[in-house]
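**Q** One structure is given below, represented as structure tokens, and several questions about it will come after.
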Amino acid sequence: MAMNVLSILDLSSEDISTIIEDAIRLKEERRQNIPHPHLSGKTLGMIFEKSSTRTRISFEVGMFELGGSALYLNPRDMQLDRGEAIGDTARVLSRYLSAVMIRAHTHSSIEAFSASSAIPVINGLSDREHPCQILADLMTLKEQFGRLSGLNVAWVGDGNNVCNSLILSSIRTGMNVSVAVPPGYEPDSECIRRAEAEGSVRLCESPLEAAEGADAVYTDTWISMGQEAEEKERLASFMGYQVNAELLKRASPECIVLHCLPAHRGCEITDELLDGPRSAVWDQAENRLHAQKALLLSIFGAEKKIN
């Protein structure tokens, strides 16, 4: 397995299967209060250029439960904020830490850090991808349906970083991904090209088309961090892209609803669906913890079969 996970494609199909299997096992051990300190003595540095709820807490708790430790690193408190080259920071942190997770404004920053790092680097979010979120999503789908291959997943809303990773995941999982986004908010063209060549992605003209026969309908906020100035324009553009009961009539009777949170209730999704029986959103959020713990085990080369 690759040391660095900057993209979901840095993981093979076998890697993803193992991570999901281990994550489900770790989740059950946690439920039964069975300790699993497999990463005793390991330290994860966490660099946050963007604020976070789920990413910070799940990684920090995850390292604690695995017997290691996590160190929160705010760039404003480091020499990065005073102009130190990111490569120099990477070289120094490589002497102190066991691995680094970065939640960055730009994907290029993570790539630059990774190029100079001697320790594993995890993309905790960038403007291009969010592989950690997708691992939790795949775990949730596996729990709900017992499989990934052949599942039909509809994305409705903004063609953002999560959408990009979902599209690329079709290459590794055999899922069919349908995407409905307003004009001008399309997913990354290279991600689409890769998935069209190696996976299964379909760009749809409307949310109704994307949701047809879907096993899962997935959405995200229309206004992400840093896009607040575009709120009025975005709200106008995304009218008609709400995930609601009417849309789910087109989906499979067993269809579940996914949202990576935070949610703007009444905008991209209704309260009725977010809190209703078809919502897997809260399992999905919890699974960030378990999937990332399994990812950390794989990255650190811990024993993959957890007894």
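The chains in the structure tokens are called A, B, ... from first to last as shown; in each chain the residues are counted from 1, and the ligands are counted from 1 in the order shown.
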Would you please extract all strand (DSSP E) residues from stretch 65-147 of chain A, as assigned by DSSP on the backbone, and give them as a list in words?
**A** Ser69, Ala70, Leu71, Tyr72, Leu73, Ala99, Val100, Met101, Ile102, Arg103, Val121, Ile122, Asn123, Gly124 and Leu125 of chain A
**Q** For the residues in that selection, give me N, CA, C and O atoms as a compact mmCIF listing (two decimals), in the first residue's frame.
**A**
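Written file, result-v4.txt:
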# COMPACT_ATOMS: atom_id res chain seq x y z
N SER A 69 -0.92 9.02 19.79
CA SER A 69 -1.27 10.38 20.16
C SER A 69 -1.39 11.24 18.90
O SER A 69 -0.79 10.93 17.87
N ALA A 70 -2.18 12.31 19.01
CA ALA A 70 -2.38 13.23 17.90
C ALA A 70 -2.05 14.65 18.36
O ALA A 70 -2.39 15.03 19.48
N LEU A 71 -1.39 15.40 17.49
CA LEU A 71 -0.96 16.75 17.82
C LEU A 71 -1.60 17.73 16.85
O LEU A 71 -1.38 17.64 15.64
N TYR A 72 -2.42 18.64 17.38
CA TYR A 72 -3.08 19.64 16.55
C TYR A 72 -2.10 20.75 16.20
O TYR A 72 -1.47 21.35 17.09
N LEU A 73 -1.96 21.03 14.91
CA LEU A 73 -1.00 22.02 14.43
C LEU A 73 -1.72 23.08 13.62
O LEU A 73 -2.21 22.82 12.52
N ALA A 99 3.48 10.32 11.27
CA ALA A 99 2.70 10.61 10.06
C ALA A 99 2.08 11.99 10.21
O ALA A 99 2.02 12.55 11.32
N VAL A 100 1.60 12.53 9.10
CA VAL A 100 0.95 13.84 9.09
C VAL A 100 -0.36 13.75 8.32
O VAL A 100 -0.43 13.12 7.27
N MET A 101 -1.40 14.36 8.87
CA MET A 101 -2.68 14.55 8.18
C MET A 101 -2.82 16.05 7.94
O MET A 101 -2.60 16.85 8.84
N ILE A 102 -3.17 16.42 6.71
CA ILE A 102 -3.29 17.84 6.36
C ILE A 102 -4.69 18.13 5.82
O ILE A 102 -5.17 17.46 4.92
N ARG A 103 -5.32 19.15 6.38
CA ARG A 103 -6.59 19.67 5.87
C ARG A 103 -6.26 21.04 5.29
O ARG A 103 -6.03 22.00 6.04
N VAL A 121 1.76 10.79 4.57
CA VAL A 121 0.93 11.99 4.53
C VAL A 121 -0.48 11.61 4.10
O VAL A 121 -0.67 10.87 3.12
N ILE A 122 -1.47 12.09 4.84
CA ILE A 122 -2.88 11.81 4.55
C ILE A 122 -3.58 13.12 4.19
O ILE A 122 -3.44 14.12 4.90
N ASN A 123 -4.34 13.09 3.12
CA ASN A 123 -5.17 14.23 2.74
C ASN A 123 -6.44 14.20 3.58
O ASN A 123 -7.32 13.38 3.37
N GLY A 124 -6.53 15.13 4.53
CA GLY A 124 -7.72 15.25 5.36
C GLY A 124 -8.80 16.11 4.74
O GLY A 124 -9.90 16.19 5.26
N LEU A 125 -8.50 16.76 3.65
CA LEU A 125 -9.40 17.52 2.79
C LEU A 125 -8.55 18.49 2.00
O LEU A 125 -7.63 19.11 2.53
**Q** Identify all residues of stretch 224-295 of chain A in alpha helix (DSSP H) (DSSP on the backbone) and supply them as a PyMOL selection string.
**A** chain A and resi 231-237+245-248+271-274+281-295
**Q** Find the residues around stretch 212-219 of chain A up to 9 Å (only C-alpha atoms counted), leave out those fewer than 5 positions away in its own chain, and share them as a ChimeraX atom specification.
**A** /A:141,145,151-158,163,178,207,242-243,247-260,268-269
**Q** Export, as an mmCIF file, in the first residue's frame, the selected residues with C-alpha atoms.
**A**
data_model
loop_
_atom_site.group_PDB
_atom_site.id
_atom_site.type_symbol
_atom_site.label_atom_id
_atom_site.label_comp_id
_atom_site.auth_asym_id
_atom_site.auth_seq_id
_atom_site.Cartn_x
_atom_site.Cartn_y
_atom_site.Cartn_z
ATOM 1 C CA LEU A 141 -22.689 1.602 2.034
ATOM 2 C CA PHE A 145 -26.069 -3.244 1.449
ATOM 3 C CA LEU A 151 -24.490 -0.178 -6.308
ATOM 4 C CA ASN A 152 -26.039 2.903 -7.924
ATOM 5 C CA VAL A 153 -25.098 6.101 -6.114
ATOM 6 C CA ALA A 154 -26.547 9.456 -7.158
ATOM 7 C CA TRP A 155 -24.783 12.715 -6.334
ATOM 8 C CA VAL A 156 -27.028 15.796 -6.363
ATOM 9 C CA GLY A 157 -25.665 19.292 -5.782
ATOM 10 C CA ASP A 158 -22.207 20.812 -6.030
ATOM 11 C CA CYS A 163 -18.014 14.504 -5.415
ATOM 12 C CA SER A 178 -24.599 9.393 -11.415
ATOM 13 C CA PRO A 207 -31.551 15.384 -10.229
ATOM 14 C CA GLN A 242 -32.672 19.803 -3.161
ATOM 15 C CA VAL A 243 -32.758 16.214 -1.880
ATOM 16 C CA LEU A 247 -36.783 13.215 -5.483
ATOM 17 C CA LEU A 248 -36.565 9.930 -3.570
ATOM 18 C CA LYS A 249 -39.698 8.669 -5.303
ATOM 19 C CA ARG A 250 -37.434 8.051 -8.311
ATOM 20 C CA ALA A 251 -34.958 6.003 -6.281
ATOM 21 C CA SER A 252 -34.965 2.371 -5.205
ATOM 22 C CA PRO A 253 -37.445 1.555 -2.384
ATOM 23 C CA GLU A 254 -34.442 0.691 -0.183
ATOM 24 C CA CYS A 255 -32.584 3.881 -1.079
ATOM 25 C CA ILE A 256 -30.640 5.595 1.691
ATOM 26 C CA VAL A 257 -29.691 9.249 2.013
ATOM 27 C CA LEU A 258 -26.120 10.408 2.588
ATOM 28 C CA HIS A 259 -24.725 13.816 3.562
ATOM 29 C CA CYS A 260 -21.120 14.421 4.655
ATOM 30 C CA GLU A 268 -29.676 21.048 -0.009
ATOM 31 C CA ILE A 269 -31.735 18.598 2.062
#
**Q** Out of A:Glu28, A:Asp283, A:Asp127, A:Glu65, which residue has the shortest atom-to-atom distance to A:Lys50 when counting only C-alpha atoms?
**A** A:Asp127
**Q** Could you state the separation of atom CA of A:Trp222 and atom CA of A:Ile167 in Å, given to one decimal place?
**A** 18.0 Å
**Q** Skipping near chain neighbours, those fewer than 3 positions away, what residues fall within 9 Å of stretch 87-95 of chain A using only C-alpha atoms, listed as a compact mmCIF listing (two decimals) with C-alpha atoms, in the first residue's frame?
**A**
# COMPACT_ATOMS: atom_id res chain seq x y z
CA GLY A 45 0.58 15.53 13.38
CA GLN A 79 6.59 29.15 11.07
CA LEU A 80 4.49 28.32 7.99
CA GLU A 84 8.79 29.06 6.01
CA SER A 98 5.14 9.20 12.67
CA ALA A 99 2.70 10.61 10.06
CA VAL A 100 0.95 13.84 9.09
CA ALA A 112 4.26 19.99 -1.96
CA PHE A 113 4.38 18.81 1.65
CA SER A 114 4.27 15.17 0.59
CA ALA A 115 7.13 15.64 -1.90
CA SER A 116 9.50 16.59 0.94
CA SER A 117 8.11 14.32 3.67
CA ALA A 118 9.85 11.16 4.81
CA ILE A 119 6.74 9.99 6.70
CA PRO A 120 3.21 9.11 5.50
**Q** Have a look at A:Ala210, A:Met239, A:Phe64, A:Glu246 and name the one nearest to A:Pro35; count only C-alpha atoms.
**A**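 Looking at the shortest contact to A:Pro35, the residue is A:Phe64.
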**Q** Please report the interatomic distance between atom CA of A:Thr221 and atom CA of A:Pro182 in Å with one decimal.
**A** 13.7 Å
**Q** Write out as a PyMOL selection string which residues come within 6 Å of stretch 104-108 of chain A when counting only C-alpha atoms, dropping same-chain ones fewer than 6 positions away.
**A** chain A and resi 49+126-128
**Q** Considering only C-alpha atoms, can you say which of A:Ser12, A:Asn160, A:Ser58, A:Gln144 comes closest to A:Ile24?
**A** A:Gln144
**Q** May I ask which of the residues A:His130, A:Lys142, A:Lys293, A:Arg278 is the closest one to A:Gly67, counting only C-alpha atoms?
**A**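 Going through A:His130, A:Lys142, A:Lys293, A:Arg278 one by one, the smallest distance to A:Gly67 is for A:Lys293.
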**Q** Could you state the separation of atom CA of A:Phe238 and atom CA of A:Pro183 in Å, given to one decimal place?
**A**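 These two atoms are separated by 9.5 Å.
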**Q** Env of A:Glu190: 12 Å cut, atoms = only C-alpha atoms, seq-sep filter 2 positions within chain, self excluded. Answer as number ranges by chain.
**A** A: 128, 164-165, 167-168, 186-188, 192-197
